[in-house]
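Okay, so here's the structure we're looking at.
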Amino acid sequence: MPARVGEIYRDSAFYLDQNSGELKPKFLLVLAVPRNGDLVARLLTSRYAGLRPQDPACFHGDPYPGFFLGILGGQLTRMTWLDLRGLSDLDPWDFAQRQERALLCRIGELAAEQLRPALECTARADDTTRAQERAIRDALAEIAP
């Protein structure tokens, strides 16, 4: 099933832990799904909660730019931020293949009331490319206020 803006996914083998050699999971939020392009996403994180502001929710400063989402529930039981640091766009074919192999599973979706400000914040982030910003702003235009 194709990804949609606002969906949250768990990638069970996102990165290799250098200490243990194990593949580790990460959560990500889909921010834009251009018709003929790669998916724009950012990682979710609960790390360094003491160094990440909750108010304002949108923070572009150092050391960790992010958008505060709160405790989302389900598998996300800790304070969670959308990490505004850059992330390479995701190839839709690879995304679908990872879903078919059950490495990438949809675990939830952000409500429009929370998604809109998260998209606006990410569009303005330093690490967001111009192409990503355009795609995010196009996605914003399609979400009912």
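Every chain in the structure tokens has a letter given in the order shown (A, B, ...), and although residue numbers restart at 1 in each chain, ligands are simply numbered from 1 in the order shown.
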
Need the shell around range 10-21 of chain A: protein/DNA/RNA residues with any atom at most 9 Å away, counting only C-alpha atoms. Skip same-chain ones fewer than 2 positions apart. Format as an MDAnalysis selection string?
chainID A and resid 8 23:28 98:99 102:107

List as a list in words the protein and nucleic acid residues near Gly50 in chain A, meaning an atom at most 12 Å away when only C-alpha atoms are counted, but skip any in the same chain fewer than 2 places from it.
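Contacts, in chain order: Ser46, Arg47, Tyr48, Arg52, Pro53, Gln54, Pro63, Tyr64, Met79, Thr80 and Trp81 of chain A.
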
DSSP helix (DSSP H, G or I) residues within range 38-145 of chain A, as JSON, numbers by chain:
{"A": [49, 50, 51, 92, 93, 94, 95, 96, 97, 98, 99, 100, 112, 113, 114, 115, 116, 117, 118, 119, 120, 121, 122, 123, 130, 131, 132, 133, 134, 135, 136, 137, 138, 139, 140, 141, 142]}

Would you mind exporting the chosen residues as a PDB file, in the first residue's frame, restricted to C-alpha atoms?
```pdb
ATOM      1  CA  ALA A  49      14.727  14.958  25.792  1.00  0.00           C
ATOM      2  CA  GLY A  50      16.424  17.225  28.330  1.00  0.00           C
ATOM      3  CA  LEU A  51      18.083  19.217  25.541  1.00  0.00           C
ATOM      4  CA  PRO A  92       9.032   4.663  -3.382  1.00  0.00           C
ATOM      5  CA  TRP A  93      10.008   1.305  -4.902  1.00  0.00           C
ATOM      6  CA  ASP A  94      12.432   0.541  -2.050  1.00  0.00           C
ATOM      7  CA  PHE A  95       9.818   1.731   0.454  1.00  0.00           C
ATOM      8  CA  ALA A  96       7.257  -0.693  -1.006  1.00  0.00           C
ATOM      9  CA  GLN A  97       9.778  -3.547  -1.048  1.00  0.00           C
ATOM     10  CA  ARG A  98      10.611  -2.983   2.629  1.00  0.00           C
ATOM     11  CA  GLN A  99       6.875  -3.033   3.388  1.00  0.00           C
ATOM     12  CA  GLU A 100       6.424  -6.329   1.497  1.00  0.00           C
ATOM     13  CA  ALA A 112      -4.188  17.087  10.683  1.00  0.00           C
ATOM     14  CA  GLU A 113      -4.152  19.503  13.666  1.00  0.00           C
ATOM     15  CA  GLN A 114      -0.693  18.255  14.630  1.00  0.00           C
ATOM     16  CA  LEU A 115       0.535  17.425  11.125  1.00  0.00           C
ATOM     17  CA  ARG A 116       0.047  20.916   9.668  1.00  0.00           C
ATOM     18  CA  PRO A 117       2.365  22.727  12.148  1.00  0.00           C
ATOM     19  CA  ALA A 118       4.907  19.886  11.903  1.00  0.00           C
ATOM     20  CA  LEU A 119       4.980  20.265   8.107  1.00  0.00           C
ATOM     21  CA  GLU A 120       5.248  24.062   8.335  1.00  0.00           C
ATOM     22  CA  CYS A 121       8.125  23.761  10.792  1.00  0.00           C
ATOM     23  CA  THR A 122       9.971  21.179   8.685  1.00  0.00           C
ATOM     24  CA  ALA A 123       9.545  23.218   5.498  1.00  0.00           C
ATOM     25  CA  ARG A 130      14.402  23.351  -1.726  1.00  0.00           C
ATOM     26  CA  ALA A 131      12.868  20.323  -3.463  1.00  0.00           C
ATOM     27  CA  GLN A 132      11.751  18.917  -0.105  1.00  0.00           C
ATOM     28  CA  GLU A 133      10.310  22.282   0.921  1.00  0.00           C
ATOM     29  CA  ARG A 134       8.292  22.477  -2.320  1.00  0.00           C
ATOM     30  CA  ALA A 135       6.977  18.947  -1.824  1.00  0.00           C
ATOM     31  CA  ILE A 136       6.084  19.633   1.828  1.00  0.00           C
ATOM     32  CA  ARG A 137       4.310  22.878   0.934  1.00  0.00           C
ATOM     33  CA  ASP A 138       2.372  21.038  -1.797  1.00  0.00           C
ATOM     34  CA  ALA A 139       1.342  18.446   0.823  1.00  0.00           C
ATOM     35  CA  LEU A 140       0.299  21.247   3.186  1.00  0.00           C
ATOM     36  CA  ALA A 141      -1.939  22.730   0.498  1.00  0.00           C
ATOM     37  CA  GLU A 142      -3.816  19.432   0.251  1.00  0.00           C
TER      38      GLU A 142
END
```

Which residue is closest to Ala57 in chain A? Choose from A:Met1, A:Thr77, A:Thr45, A:Gly70 and count only C-alpha atoms.
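With only C-alpha atoms as the atom set, the closest residue is A:Gly70.
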
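A straight line drawn from CA of Leu90 in chain A to CA of Gly74 in chain A is 24.3 Å long.
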
Residues of chain A in strand (DSSP E or B), written as a PDB file with C-alpha atoms, in the first residue's frame:
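Result written to states-v1.pdb:
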```
ATOM      1  CA  GLU A   7       1.698   8.236   8.345  1.00  0.00           C
ATOM      2  CA  ILE A   8       4.170   6.972  10.936  1.00  0.00           C
ATOM      3  CA  TYR A   9       6.257   3.909  10.141  1.00  0.00           C
ATOM      4  CA  ARG A  10       8.589   1.685  12.100  1.00  0.00           C
ATOM      5  CA  ASP A  11      11.603   0.488  10.141  1.00  0.00           C
ATOM      6  CA  SER A  12      12.863  -2.554  12.026  1.00  0.00           C
ATOM      7  CA  ALA A  13      16.291  -2.537  10.338  1.00  0.00           C
ATOM      8  CA  PHE A  14      17.070   1.148   9.816  1.00  0.00           C
ATOM      9  CA  TYR A  15      20.681   1.265  10.990  1.00  0.00           C
ATOM     10  CA  LEU A  16      23.527  -0.970  12.116  1.00  0.00           C
ATOM     11  CA  LEU A  23      20.203  -3.884  12.933  1.00  0.00           C
ATOM     12  CA  LYS A  24      18.211  -1.371  14.967  1.00  0.00           C
ATOM     13  CA  PRO A  25      14.767   0.161  14.429  1.00  0.00           C
ATOM     14  CA  LYS A  26      13.766   3.771  13.838  1.00  0.00           C
ATOM     15  CA  PHE A  27      10.429   5.502  13.459  1.00  0.00           C
ATOM     16  CA  LEU A  28       9.724   7.946  10.667  1.00  0.00           C
ATOM     17  CA  LEU A  29       6.986  10.326   9.600  1.00  0.00           C
ATOM     18  CA  VAL A  30       6.050  10.735   5.930  1.00  0.00           C
ATOM     19  CA  LEU A  31       5.944  14.463   5.104  1.00  0.00           C
ATOM     20  CA  ALA A  32       5.339  14.470   1.347  1.00  0.00           C
ATOM     21  CA  LEU A  39       9.041  10.335  -0.435  1.00  0.00           C
ATOM     22  CA  VAL A  40      10.057  13.090   1.973  1.00  0.00           C
ATOM     23  CA  ALA A  41      10.308  11.903   5.570  1.00  0.00           C
ATOM     24  CA  ARG A  42      12.011  12.707   8.847  1.00  0.00           C
ATOM     25  CA  LEU A  43      12.902  10.512  11.776  1.00  0.00           C
ATOM     26  CA  LEU A  44      11.128  10.568  15.115  1.00  0.00           C
ATOM     27  CA  THR A  45      13.246  10.624  18.243  1.00  0.00           C
ATOM     28  CA  CYS A  58       8.999  24.197  16.523  1.00  0.00           C
ATOM     29  CA  PHE A  59      12.682  24.687  17.344  1.00  0.00           C
ATOM     30  CA  GLY A  66      13.026  19.445  16.207  1.00  0.00           C
ATOM     31  CA  PHE A  67       9.267  19.661  16.436  1.00  0.00           C
ATOM     32  CA  PHE A  68       7.749  18.474  19.716  1.00  0.00           C
ATOM     33  CA  LEU A  69       4.951  15.943  19.205  1.00  0.00           C
ATOM     34  CA  GLY A  70       4.406  14.780  22.792  1.00  0.00           C
ATOM     35  CA  GLY A  73       0.962   6.388  22.179  1.00  0.00           C
ATOM     36  CA  LEU A  76       5.759   5.622  20.948  1.00  0.00           C
ATOM     37  CA  THR A  80       8.749  12.366  20.948  1.00  0.00           C
ATOM     38  CA  TRP A  81      10.135  14.958  18.556  1.00  0.00           C
ATOM     39  CA  LEU A  82      10.261  15.105  14.786  1.00  0.00           C
ATOM     40  CA  ASP A  83      13.990  15.386  14.083  1.00  0.00           C
ATOM     41  CA  LEU A  90      13.076   7.595   0.217  1.00  0.00           C
ATOM     42  CA  LEU A 104       8.704  -1.315   7.335  1.00  0.00           C
ATOM     43  CA  CYS A 105       5.316  -1.253   9.055  1.00  0.00           C
ATOM     44  CA  ARG A 106       2.749   1.514   9.407  1.00  0.00           C
ATOM     45  CA  ILE A 107       2.060   2.068  13.106  1.00  0.00           C
ATOM     46  CA  GLY A 108      -0.061   5.193  13.096  1.00  0.00           C
ATOM     47  CA  GLU A 109      -0.884   8.572  11.671  1.00  0.00           C
TER      48      GLU A 109
END
```

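Taking CA of Arg4 in chain A as the reference point, CA of Asp89 in chain A is found at 14.3 Å.
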
In Å to one decimal, how far is CA of Arg101 in chain A from CA of Glu22 in chain A?
17.9 Å

With distances taken over only C-alpha atoms, which residue among A:Pro145, A:Ala111, A:Gln75, A:Leu84 lies nearest Gly61 in chain A?
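Looking at the shortest contact to Gly61 in chain A, the residue is A:Leu84.
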
Please determine, counting only C-alpha atoms, which residue among A:Leu87, A:Ala3, A:Leu110, A:Thr128 has the shortest atom-to-atom distance to Ile71 in chain A.
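With only C-alpha atoms as the atom set, the closest residue is A:Leu110.
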